>>> print(open('my_file.pdb').read())   # PDB, C-alpha atoms, pLDDT in the B column
ATOM      1  CA  MET A 881       0.834   0.688 -16.676  1.00 79.00           C
ATOM      2  CA  GLU A 882       4.024  -1.043 -17.883  1.00 84.00           C
ATOM      3  CA  LEU A 883       5.878   2.077 -16.794  1.00 88.00           C
ATOM      4  CA  ALA A 884       4.416   1.941 -13.269  1.00 90.00           C
ATOM      5  CA  ILE A 885       5.370  -1.740 -12.943  1.00 93.00           C
ATOM      6  CA  ALA A 886       8.907  -1.202 -14.283  1.00 93.00           C
ATOM      7  CA  LEU A 887       9.550   1.832 -12.050  1.00 93.00           C
ATOM      8  CA  GLY A 888       7.942   0.203  -8.997  1.00 94.00           C
ATOM      9  CA  CYS A 889      10.110  -2.895  -9.461  1.00 95.00           C
ATOM     10  CA  ALA A 890      13.232  -0.751  -9.970  1.00 95.00           C
ATOM     11  CA  ILE A 891      12.622   1.179  -6.731  1.00 94.00           C
ATOM     12  CA  VAL A 892      11.855  -1.927  -4.633  1.00 95.00           C
ATOM     13  CA  PHE A 893      14.774  -3.928  -6.113  1.00 95.00           C
ATOM     14  CA  ALA A 894      17.221  -1.076  -5.451  1.00 92.00           C
ATOM     15  CA  ALA A 895      16.012  -0.774  -1.856  1.00 92.00           C
ATOM     16  CA  VAL A 896      16.199  -4.560  -1.213  1.00 93.00           C
ATOM     17  CA  GLY A 897      19.675  -4.632  -2.803  1.00 89.00           C
ATOM     18  CA  ASP A 898      20.910  -1.822  -0.547  1.00 85.00           C
ATOM     19  CA  ILE A 899      19.461  -3.458   2.573  1.00 87.00           C
ATOM     20  CA  LEU A 900      21.107  -6.800   1.652  1.00 87.00           C
ATOM     21  CA  PHE A 901      24.445  -5.017   1.035  1.00 81.00           C
ATOM     22  CA  SER A 902      24.231  -3.364   4.430  1.00 80.00           C
ATOM     23  CA  LYS A 903      23.287  -6.597   6.265  1.00 81.00           C
ATOM     24  CA  GLY A 904      25.848  -8.644   4.366  1.00 79.00           C
ATOM     25  CA  MET A 905      28.753  -6.251   4.831  1.00 75.00           C
ATOM     26  CA  ARG A 906      28.089  -5.948   8.551  1.00 73.00           C
ATOM     27  CA  SER A 907      27.584  -9.647   9.213  1.00 70.00           C
ATOM     28  CA  ASN A 908      31.254 -10.421   9.756  1.00 59.00           C
ATOM     29  CA  GLY A 909      33.294  -7.426  10.709  1.00 59.00           C
ATOM     30  CA  GLU A 910      34.264  -4.206   9.015  1.00 61.00           C
ATOM     31  CA  VAL A 911      36.138  -3.926   5.771  1.00 62.00           C
ATOM     32  CA  THR A 912      38.967  -1.422   5.772  1.00 64.00           C
ATOM     33  CA  ILE A 913      40.233   0.027   2.553  1.00 62.00           C
ATOM     34  CA  LYS A 914      43.325   2.133   3.064  1.00 67.00           C
ATOM     35  CA  HIS A 915      44.648   1.994  -0.442  1.00 70.00           C
ATOM     36  CA  ILE A 916      43.367   1.264  -3.915  1.00 69.00           C
ATOM     37  CA  ARG A 917      45.430  -1.958  -3.826  1.00 74.00           C
ATOM     38  CA  ASP A 918      43.120  -3.284  -1.081  1.00 72.00           C
ATOM     39  CA  ILE A 919      40.152  -3.335  -3.457  1.00 71.00           C
ATOM     40  CA  PRO A 920      40.836  -6.736  -5.142  1.00 77.00           C
ATOM     41  CA  GLY A 921      41.057  -8.318  -1.677  1.00 76.00           C
ATOM     42  CA  MET A 922      37.830  -6.610  -0.706  1.00 72.00           C
ATOM     43  CA  ILE A 923      36.089  -7.908  -3.817  1.00 75.00           C
ATOM     44  CA  ARG A 924      37.201 -11.468  -3.014  1.00 78.00           C
ATOM     45  CA  HIS A 925      35.943 -10.997   0.539  1.00 74.00           C
ATOM     46  CA  VAL A 926      32.617  -9.612  -0.704  1.00 73.00           C
ATOM     47  CA  PHE A 927      31.968 -12.538  -3.005  1.00 77.00           C
ATOM     48  CA  GLN A 928      32.151 -14.936  -0.061  1.00 79.00           C
ATOM     49  CA  ARG A 929      29.144 -13.301   1.606  1.00 80.00           C
ATOM     50  CA  PRO A 930      25.809 -14.776   0.474  1.00 86.00           C
ATOM     51  CA  LEU A 931      23.735 -11.723   1.443  1.00 86.00           C
ATOM     52  CA  VAL A 932      26.011  -9.449  -0.576  1.00 84.00           C
ATOM     53  CA  LEU A 933      25.801 -11.780  -3.570  1.00 88.00           C
ATOM     54  CA  LEU A 934      22.013 -11.720  -3.291  1.00 92.00           C
ATOM     55  CA  GLY A 935      22.264  -7.915  -3.122  1.00 88.00           C
ATOM     56  CA  ILE A 936      24.211  -7.901  -6.395  1.00 88.00           C
ATOM     57  CA  VAL A 937      21.467 -10.045  -7.985  1.00 93.00           C
ATOM     58  CA  PHE A 938      18.844  -7.511  -6.849  1.00 94.00           C
ATOM     59  CA  MET A 939      20.969  -4.643  -8.192  1.00 91.00           C
ATOM     60  CA  ALA A 940      21.046  -6.430 -11.572  1.00 91.00           C
ATOM     61  CA  PHE A 941      17.230  -6.742 -11.397  1.00 94.00           C
ATOM     62  CA  PHE A 942      17.095  -3.022 -10.579  1.00 93.00           C
ATOM     63  CA  PHE A 943      19.239  -2.190 -13.599  1.00 91.00           C
ATOM     64  CA  PHE A 944      17.028  -4.165 -16.001  1.00 91.00           C
ATOM     65  CA  SER A 945      13.788  -2.739 -14.581  1.00 94.00           C
ATOM     66  CA  TYR A 946      15.287   0.748 -14.842  1.00 93.00           C
ATOM     67  CA  LEU A 947      16.249   0.124 -18.487  1.00 91.00           C
ATOM     68  CA  ALA A 948      12.681  -1.042 -19.179  1.00 90.00           C
ATOM     69  CA  ALA A 949      11.297   2.111 -17.533  1.00 92.00           C
ATOM     70  CA  LEU A 950      13.579   4.261 -19.732  1.00 91.00           C
ATOM     71  CA  ALA A 951      11.956   2.716 -22.809  1.00 89.00           C
ATOM     72  CA  TYR A 952       8.561   4.021 -21.656  1.00 89.00           C
ATOM     73  CA  THR A 953       9.282   7.488 -20.265  1.00 90.00           C
ATOM     74  CA  ASP A 954      11.610  10.496 -20.210  1.00 92.00           C
ATOM     75  CA  VAL A 955      14.811  10.115 -18.221  1.00 94.00           C
ATOM     76  CA  SER A 956      13.997  13.426 -16.487  1.00 94.00           C
ATOM     77  CA  VAL A 957      11.001  11.583 -14.959  1.00 94.00           C
ATOM     78  CA  ALA A 958      12.452   8.111 -14.336  1.00 94.00           C
ATOM     79  CA  ASN A 959      15.752   9.247 -12.787  1.00 93.00           C
ATOM     80  CA  PRO A 960      14.380  11.367  -9.903  1.00 94.00           C
ATOM     81  CA  LEU A 961      11.726   8.730  -9.135  1.00 94.00           C
ATOM     82  CA  THR A 962      14.365   6.034  -8.509  1.00 93.00           C
ATOM     83  CA  ALA A 963      15.442   8.139  -5.516  1.00 92.00           C
ATOM     84  CA  LEU A 964      12.314   6.833  -3.735  1.00 94.00           C
ATOM     85  CA  SER A 965      14.416   3.772  -2.895  1.00 91.00           C
ATOM     86  CA  TYR A 966      16.199   5.990  -0.310  1.00 89.00           C
ATOM     87  CA  VAL A 967      12.804   6.488   1.355  1.00 91.00           C
ATOM     88  CA  LEU A 968      12.120   2.725   1.499  1.00 93.00           C
ATOM     89  CA  VAL A 969      15.617   2.013   2.843  1.00 89.00           C
ATOM     90  CA  THR A 970      15.309   4.659   5.562  1.00 89.00           C
ATOM     91  CA  VAL A 971      11.860   3.459   6.665  1.00 91.00           C
ATOM     92  CA  TYR A 972      13.107  -0.143   6.751  1.00 90.00           C
ATOM     93  CA  ALA A 973      16.280   0.851   8.644  1.00 87.00           C
ATOM     94  CA  ALA A 974      14.263   2.762  11.230  1.00 88.00           C
ATOM     95  CA  PHE A 975      11.460   0.258  11.845  1.00 89.00           C
ATOM     96  CA  ALA A 976      12.783  -3.199  10.976  1.00 87.00           C
ATOM     97  CA  MET A 977      16.496  -2.861  11.740  1.00 83.00           C
ATOM     98  CA  LYS A 978      15.846  -0.407  14.587  1.00 84.00           C
ATOM     99  CA  GLU A 979      18.630   1.918  13.467  1.00 84.00           C
ATOM    100  CA  ARG A 980      18.608   5.409  14.933  1.00 86.00           C
ATOM    101  CA  VAL A 981      17.390   7.790  12.258  1.00 86.00           C
ATOM    102  CA  GLY A 982      17.942  11.450  13.076  1.00 88.00           C
ATOM    103  CA  LEU A 983      15.689  14.403  12.376  1.00 90.00           C
ATOM    104  CA  SER A 984      17.720  15.736   9.429  1.00 89.00           C
ATOM    105  CA  ARG A 985      17.520  12.335   7.750  1.00 90.00           C
ATOM    106  CA  TRP A 986      13.731  12.272   8.065  1.00 93.00           C
ATOM    107  CA  ALA A 987      13.707  15.816   6.665  1.00 93.00           C
ATOM    108  CA  GLY A 988      15.795  14.582   3.719  1.00 93.00           C
ATOM    109  CA  VAL A 989      13.427  11.656   3.143  1.00 93.00           C
ATOM    110  CA  THR A 990      10.469  14.060   3.181  1.00 95.00           C
ATOM    111  CA  LEU A 991      12.176  16.296   0.589  1.00 95.00           C
ATOM    112  CA  VAL A 992      12.892  13.299  -1.677  1.00 95.00           C
ATOM    113  CA  THR A 993       9.248  12.187  -1.432  1.00 95.00           C
ATOM    114  CA  LEU A 994       7.966  15.708  -2.170  1.00 96.00           C
ATOM    115  CA  GLY A 995      10.356  16.024  -5.106  1.00 95.00           C
ATOM    116  CA  ALA A 996       9.228  12.653  -6.506  1.00 94.00           C
ATOM    117  CA  ILE A 997       5.578  13.743  -6.251  1.00 94.00           C
ATOM    118  CA  PHE A 998       6.402  16.982  -8.113  1.00 94.00           C
ATOM    119  CA  VAL A 999       8.217  15.059 -10.867  1.00 93.00           C
ATOM    120  CA  GLY A1000       5.397  12.531 -11.102  1.00 91.00           C
ATOM    121  CA  LEU A1001       2.795  15.291 -11.406  1.00 91.00           C
ATOM    122  CA  SER A1002       4.829  17.057 -14.107  1.00 88.00           C
ATOM    123  CA  SER A1003       4.502  14.167 -16.585  1.00 81.00           C
TER     124      SER A1003
ATOM    125  CA  MET B 556      50.013  20.553  10.495  1.00 59.00           C
ATOM    126  CA  ARG B 557      51.309  17.890   8.108  1.00 74.00           C
ATOM    127  CA  ILE B 558      48.345  15.610   8.931  1.00 78.00           C
ATOM    128  CA  ARG B 559      45.931  18.440   8.352  1.00 81.00           C
ATOM    129  CA  GLN B 560      47.438  19.230   4.972  1.00 83.00           C
ATOM    130  CA  ARG B 561      47.089  15.615   4.003  1.00 81.00           C
ATOM    131  CA  ALA B 562      43.413  15.597   5.089  1.00 82.00           C
ATOM    132  CA  VAL B 563      42.703  18.678   2.956  1.00 84.00           C
ATOM    133  CA  ARG B 564      44.494  17.146  -0.015  1.00 84.00           C
ATOM    134  CA  ASN B 565      42.509  13.911   0.458  1.00 83.00           C
ATOM    135  CA  ARG B 566      39.221  15.788   0.395  1.00 86.00           C
ATOM    136  CA  LEU B 567      40.273  17.673  -2.738  1.00 89.00           C
ATOM    137  CA  LYS B 568      41.232  14.395  -4.384  1.00 90.00           C
ATOM    138  CA  VAL B 569      37.803  12.929  -3.552  1.00 89.00           C
ATOM    139  CA  LEU B 570      36.087  16.093  -4.749  1.00 92.00           C
ATOM    140  CA  VAL B 571      37.831  15.866  -8.136  1.00 93.00           C
ATOM    141  CA  ALA B 572      37.254  12.099  -8.452  1.00 92.00           C
ATOM    142  CA  MET B 573      33.568  12.422  -7.541  1.00 93.00           C
ATOM    143  CA  SER B 574      33.037  15.356  -9.924  1.00 95.00           C
ATOM    144  CA  VAL B 575      34.325  13.177 -12.749  1.00 96.00           C
ATOM    145  CA  ALA B 576      32.284  10.219 -11.415  1.00 95.00           C
ATOM    146  CA  VAL B 577      29.059  12.251 -11.383  1.00 96.00           C
ATOM    147  CA  VAL B 578      29.687  13.428 -14.960  1.00 97.00           C
ATOM    148  CA  PHE B 579      30.258   9.784 -16.005  1.00 97.00           C
ATOM    149  CA  ALA B 580      27.064   8.639 -14.258  1.00 95.00           C
ATOM    150  CA  ALA B 581      24.954  11.447 -15.734  1.00 96.00           C
ATOM    151  CA  PHE B 582      26.196  10.925 -19.304  1.00 96.00           C
ATOM    152  CA  GLY B 583      25.813   7.161 -18.760  1.00 96.00           C
ATOM    153  CA  THR B 584      22.174   7.591 -17.744  1.00 95.00           C
ATOM    154  CA  ILE B 585      21.491   9.878 -20.706  1.00 96.00           C
ATOM    155  CA  SER B 586      23.159   7.392 -23.052  1.00 96.00           C
ATOM    156  CA  LEU B 587      21.095   4.499 -21.628  1.00 94.00           C
ATOM    157  CA  SER B 588      17.956   6.587 -22.000  1.00 94.00           C
ATOM    158  CA  ARG B 589      18.649   7.425 -25.638  1.00 93.00           C
ATOM    159  CA  GLY B 590      19.457   3.773 -26.374  1.00 93.00           C
ATOM    160  CA  MET B 591      16.299   2.455 -24.687  1.00 91.00           C
ATOM    161  CA  LYS B 592      14.157   5.030 -26.490  1.00 88.00           C
ATOM    162  CA  CYS B 593      15.463   3.579 -29.791  1.00 87.00           C
ATOM    163  CA  VAL B 594      14.822   0.017 -28.608  1.00 85.00           C
ATOM    164  CA  GLY B 595      11.316   0.983 -27.421  1.00 81.00           C
ATOM    165  CA  GLU B 596      10.481   2.582 -30.764  1.00 81.00           C
ATOM    166  CA  SER B 597      11.875  -0.287 -32.846  1.00 80.00           C
ATOM    167  CA  GLY B 598       8.704  -2.309 -32.147  1.00 76.00           C
ATOM    168  CA  TYR B 599      10.258  -5.706 -31.454  1.00 78.00           C
ATOM    169  CA  GLU B 600       7.774  -8.591 -31.758  1.00 76.00           C
ATOM    170  CA  CYS B 601       9.040 -10.635 -28.812  1.00 79.00           C
ATOM    171  CA  ALA B 602      10.933  -9.897 -25.602  1.00 77.00           C
ATOM    172  CA  HIS B 603      13.891 -12.020 -26.696  1.00 81.00           C
ATOM    173  CA  ASP B 604      14.563  -9.814 -29.747  1.00 82.00           C
ATOM    174  CA  ALA B 605      14.130  -6.673 -27.654  1.00 81.00           C
ATOM    175  CA  ILE B 606      16.738  -7.871 -25.119  1.00 83.00           C
ATOM    176  CA  ILE B 607      19.221  -8.748 -27.871  1.00 84.00           C
ATOM    177  CA  GLY B 608      18.510  -5.378 -29.469  1.00 82.00           C
ATOM    178  CA  ALA B 609      19.149  -3.602 -26.176  1.00 84.00           C
ATOM    179  CA  VAL B 610      22.417  -5.294 -25.154  1.00 83.00           C
ATOM    180  CA  THR B 611      23.956  -4.771 -28.589  1.00 86.00           C
ATOM    181  CA  HIS B 612      22.859  -1.137 -28.938  1.00 90.00           C
ATOM    182  CA  PRO B 613      25.913   1.163 -29.036  1.00 93.00           C
ATOM    183  CA  TYR B 614      24.308   3.809 -26.767  1.00 94.00           C
ATOM    184  CA  ILE B 615      23.493   1.138 -24.172  1.00 93.00           C
ATOM    185  CA  ILE B 616      27.003  -0.327 -24.288  1.00 94.00           C
ATOM    186  CA  ALA B 617      28.455   3.176 -23.913  1.00 96.00           C
ATOM    187  CA  GLY B 618      26.048   3.826 -21.014  1.00 95.00           C
ATOM    188  CA  VAL B 619      27.092   0.656 -19.194  1.00 94.00           C
ATOM    189  CA  LEU B 620      30.811   1.497 -19.658  1.00 95.00           C
ATOM    190  CA  LEU B 621      30.269   5.029 -18.293  1.00 96.00           C
ATOM    191  CA  MET B 622      28.405   3.537 -15.309  1.00 93.00           C
ATOM    192  CA  LEU B 623      31.372   1.217 -14.675  1.00 91.00           C
ATOM    193  CA  GLY B 624      33.672   4.261 -14.753  1.00 92.00           C
ATOM    194  CA  PHE B 625      31.436   5.906 -12.157  1.00 92.00           C
ATOM    195  CA  LEU B 626      31.492   2.793  -9.961  1.00 86.00           C
ATOM    196  CA  LEU B 627      35.299   2.542 -10.005  1.00 87.00           C
ATOM    197  CA  LEU B 628      35.776   6.217  -9.082  1.00 89.00           C
ATOM    198  CA  TYR B 629      33.063   5.908  -6.414  1.00 85.00           C
ATOM    199  CA  LEU B 630      34.743   2.861  -4.849  1.00 81.00           C
ATOM    200  CA  ALA B 631      38.145   4.578  -4.961  1.00 83.00           C
ATOM    201  CA  SER B 632      36.639   7.671  -3.284  1.00 85.00           C
ATOM    202  CA  LEU B 633      35.116   5.482  -0.572  1.00 79.00           C
ATOM    203  CA  SER B 634      38.568   4.118   0.158  1.00 78.00           C
ATOM    204  CA  TRP B 635      39.900   7.667   0.681  1.00 81.00           C
ATOM    205  CA  GLU B 636      37.041   9.264   2.613  1.00 81.00           C
ATOM    206  CA  ASP B 637      34.000   8.434   4.770  1.00 79.00           C
ATOM    207  CA  LEU B 638      30.703   7.493   3.159  1.00 76.00           C
ATOM    208  CA  SER B 639      29.052  10.516   4.810  1.00 78.00           C
ATOM    209  CA  TYR B 640      31.398  12.787   2.834  1.00 83.00           C
ATOM    210  CA  VAL B 641      31.284  10.858  -0.463  1.00 85.00           C
ATOM    211  CA  LEU B 642      27.576   9.956  -0.756  1.00 82.00           C
ATOM    212  CA  PRO B 643      26.152  13.522  -0.625  1.00 85.00           C
ATOM    213  CA  LEU B 644      28.413  14.369  -3.583  1.00 88.00           C
ATOM    214  CA  THR B 645      26.455  11.888  -5.740  1.00 89.00           C
ATOM    215  CA  ALA B 646      23.290  13.994  -5.313  1.00 90.00           C
ATOM    216  CA  GLY B 647      24.588  16.308  -8.031  1.00 91.00           C
ATOM    217  CA  GLU B 648      23.907  13.531 -10.534  1.00 93.00           C
ATOM    218  CA  TYR B 649      20.148  14.113 -10.209  1.00 93.00           C
ATOM    219  CA  ILE B 650      20.485  17.768 -11.212  1.00 94.00           C
ATOM    220  CA  LEU B 651      22.956  17.024 -14.025  1.00 96.00           C
ATOM    221  CA  VAL B 652      20.731  14.303 -15.541  1.00 96.00           C
ATOM    222  CA  THR B 653      17.748  16.685 -15.641  1.00 95.00           C
ATOM    223  CA  LEU B 654      19.939  19.431 -17.183  1.00 96.00           C
ATOM    224  CA  LEU B 655      21.237  17.036 -19.857  1.00 96.00           C
ATOM    225  CA  ALA B 656      17.744  15.625 -20.483  1.00 95.00           C
ATOM    226  CA  PHE B 657      16.572  19.174 -21.167  1.00 95.00           C
ATOM    227  CA  PHE B 658      19.510  20.468 -23.236  1.00 95.00           C
ATOM    228  CA  VAL B 659      20.688  17.301 -25.003  1.00 94.00           C
ATOM    229  CA  LEU B 660      17.596  15.095 -25.302  1.00 93.00           C
ATOM    230  CA  HIS B 661      15.214  18.116 -25.512  1.00 93.00           C
ATOM    231  CA  GLU B 662      12.805  16.599 -23.020  1.00 92.00           C
ATOM    232  CA  PRO B 663       9.963  18.866 -21.859  1.00 92.00           C
ATOM    233  CA  VAL B 664      11.199  19.855 -18.384  1.00 92.00           C
ATOM    234  CA  ASN B 665       8.743  22.325 -16.863  1.00 93.00           C
ATOM    235  CA  ALA B 666       9.036  24.316 -13.632  1.00 94.00           C
ATOM    236  CA  LEU B 667       7.399  21.551 -11.574  1.00 95.00           C
ATOM    237  CA  ARG B 668       9.895  18.960 -12.821  1.00 95.00           C
ATOM    238  CA  TRP B 669      12.872  21.284 -12.164  1.00 95.00           C
ATOM    239  CA  ALA B 670      11.580  21.913  -8.639  1.00 95.00           C
ATOM    240  CA  GLY B 671      11.092  18.171  -8.095  1.00 95.00           C
ATOM    241  CA  SER B 672      14.640  17.339  -9.246  1.00 95.00           C
ATOM    242  CA  VAL B 673      16.160  20.012  -6.989  1.00 96.00           C
ATOM    243  CA  LEU B 674      14.100  18.754  -4.008  1.00 96.00           C
ATOM    244  CA  VAL B 675      15.187  15.154  -4.659  1.00 95.00           C
ATOM    245  CA  ALA B 676      18.874  16.139  -4.901  1.00 95.00           C
ATOM    246  CA  THR B 677      18.674  18.275  -1.728  1.00 94.00           C
ATOM    247  CA  GLY B 678      16.875  15.462   0.083  1.00 94.00           C
ATOM    248  CA  ILE B 679      19.520  12.907  -0.885  1.00 91.00           C
ATOM    249  CA  ALA B 680      22.335  15.192   0.215  1.00 89.00           C
ATOM    250  CA  MET B 681      20.588  15.516   3.604  1.00 88.00           C
ATOM    251  CA  VAL B 682      19.858  11.790   3.981  1.00 84.00           C
ATOM    252  CA  ALA B 683      23.438  10.912   3.112  1.00 78.00           C
ATOM    253  CA  ARG B 684      25.113  13.470   5.389  1.00 74.00           C
ATOM    254  CA  SER B 685      23.300  12.499   8.561  1.00 62.00           C
TER     255      SER B 685
END
>>> encode(input="my_file.pdb", output="structure tokens")
Amino acid sequence: MELAIALGCAIVFAAVGDILFSKGMRSNGEVTIKHIRDIPGMIRHVFQRPLVLLGIVFMAFFFFSYLAALAYTDVSVANPLTALSYVLVTVYAAFAMKERVGLSRWAGVTLVTLGAIFVGLSS
Amino acid sequence: MRIRQRAVRNRLKVLVAMSVAVVFAAFGTISLSRGMKCVGESGYECAHDAIIGAVTHPYIIAGVLLMLGFLLLYLASLSWEDLSYVLPLTAGEYILVTLLAFFVLHEPVNALRWAGSVLVATGIAMVARS
């Protein structure tokens, strides 16, 4: 039960974090990184965007939930299951953000889901 | 011709950087897993002690440092190439973690779990490419 809660939280937190990153980074223009020297500037830029900061908070939540899950189960179970966050992000992108999601991406999402079911059944 | 050569060299550079990054991430995950298994088995009375135990555990510190190494190489790769080229390369991490879990941590990985890990990795490569 603790495992299900920890893993469920990890997956949802990772998905929310990714969605916030995407919304935050697109809210005011593109970031261009041409050289490794541009990264400090980018980091400064990133920290001025509230949605991105919130995304970082969710990623921290994800990390702690994932650590908790690792205390309860094998890493060969927990690691593939975290990939379910890709499924949540894609569904959200398609239906809530109305992004165009192509056929091969849906196929990929289906494979990830199938794989997660296999891994879940194996434990 | 010159531009093309540079593009090929860029992709090679990213390929090398991401191979190292994936190895860092996989060993980081394995290290975190081993650390958390110890913390889980220590039987801490309260959550506070468990958290202190976790953040001071050498395997967990090593895991976090390896993850930081991954993140730096990943960010550098993103500055050299498009996300649609870089992100599918991270799918290899899912296979490598399962391999290491089996050979290093001696976890019971049966055929179903192998198949699941391969499906997940293939799926991520497809999601990321499109």
>>> interface_residues(input="my_file.pdb", of="chain A", to="chain B", cutoff="8 Å", atoms="all atoms listed in the file", output="MDAnalysis selection string")
chainID A and resid 912:916 947:948 950:952 954:957 959:960 963 966 982 984:999 1001:1002
>>> atom_distance(input="my_file.pdb", atom1="CA of Phe582 in chain B", atom2="CA of Gly888 in chain A")
23.5 Å
>>> resolve_selection(input="my_file.pdb", expression="the PyMOL selection byres ((chain A and resi 883) around 10)", output="JSON, numbers by chain")
{"A": [881, 882, 884, 885, 886, 887, 888, 889, 945, 946, 948, 949, 950, 951, 952, 953, 958]}
>>> atom_distance(input="my_file.pdb", atom1="CA of Gly583 in chain B", atom2="CA of Met922 in chain A")
25.7 Å
>>> residues_around(input="my_file.pdb", residues="range 933-939 of chain A", least_positions_apart="4", cutoff="12 Å", atoms="all atoms listed in the file", output="ChimeraX atom specification")
/A:889-905,923-929,943-946,965
>>> atom_distance(input="my_file.pdb", atom1="CA of Met573 in chain B", atom2="CA of Leu642 in chain B")
9.4 Å
>>> residues_around(input="my_file.pdb", residues="Ala617 in chain B", least_positions_apart="3", cutoff="8 Å", atoms="all atoms listed in the file", output="list in words")
Gly583, Ser586, Leu587, Pro613, Tyr614, Leu620 and Leu621 of chain B
>>> axis_aligned_box(input="my_file.pdb", around="range 587-593 of chain B", padding_each_side="5 Å", output="JSON")
{"center_x": 17.6, "center_y": 4.9, "center_z": -25.7, "size_x": 16.9, "size_y": 15.0, "size_z": 18.2}
>>> residues_around(input="my_file.pdb", residues="range 622-629 of chain B", least_positions_apart="6", cutoff="7 Å", atoms="only C-alpha atoms", output="mmCIF file with C-alpha atoms, in the frame of the given file")
data_model
loop_
_atom_site.group_PDB
_atom_site.id
_atom_site.type_symbol
_atom_site.label_atom_id
_atom_site.label_comp_id
_atom_site.auth_asym_id
_atom_site.auth_seq_id
_atom_site.Cartn_x
_atom_site.Cartn_y
_atom_site.Cartn_z
ATOM 1 C CA ALA B 572 37.254 12.099 -8.452
ATOM 2 C CA MET B 573 33.568 12.422 -7.541
ATOM 3 C CA ALA B 576 32.284 10.219 -11.415
ATOM 4 C CA VAL B 577 29.059 12.251 -11.383
ATOM 5 C CA PHE B 579 30.258 9.784 -16.005
ATOM 6 C CA ALA B 580 27.064 8.639 -14.258
ATOM 7 C CA GLY B 583 25.813 7.161 -18.760
#
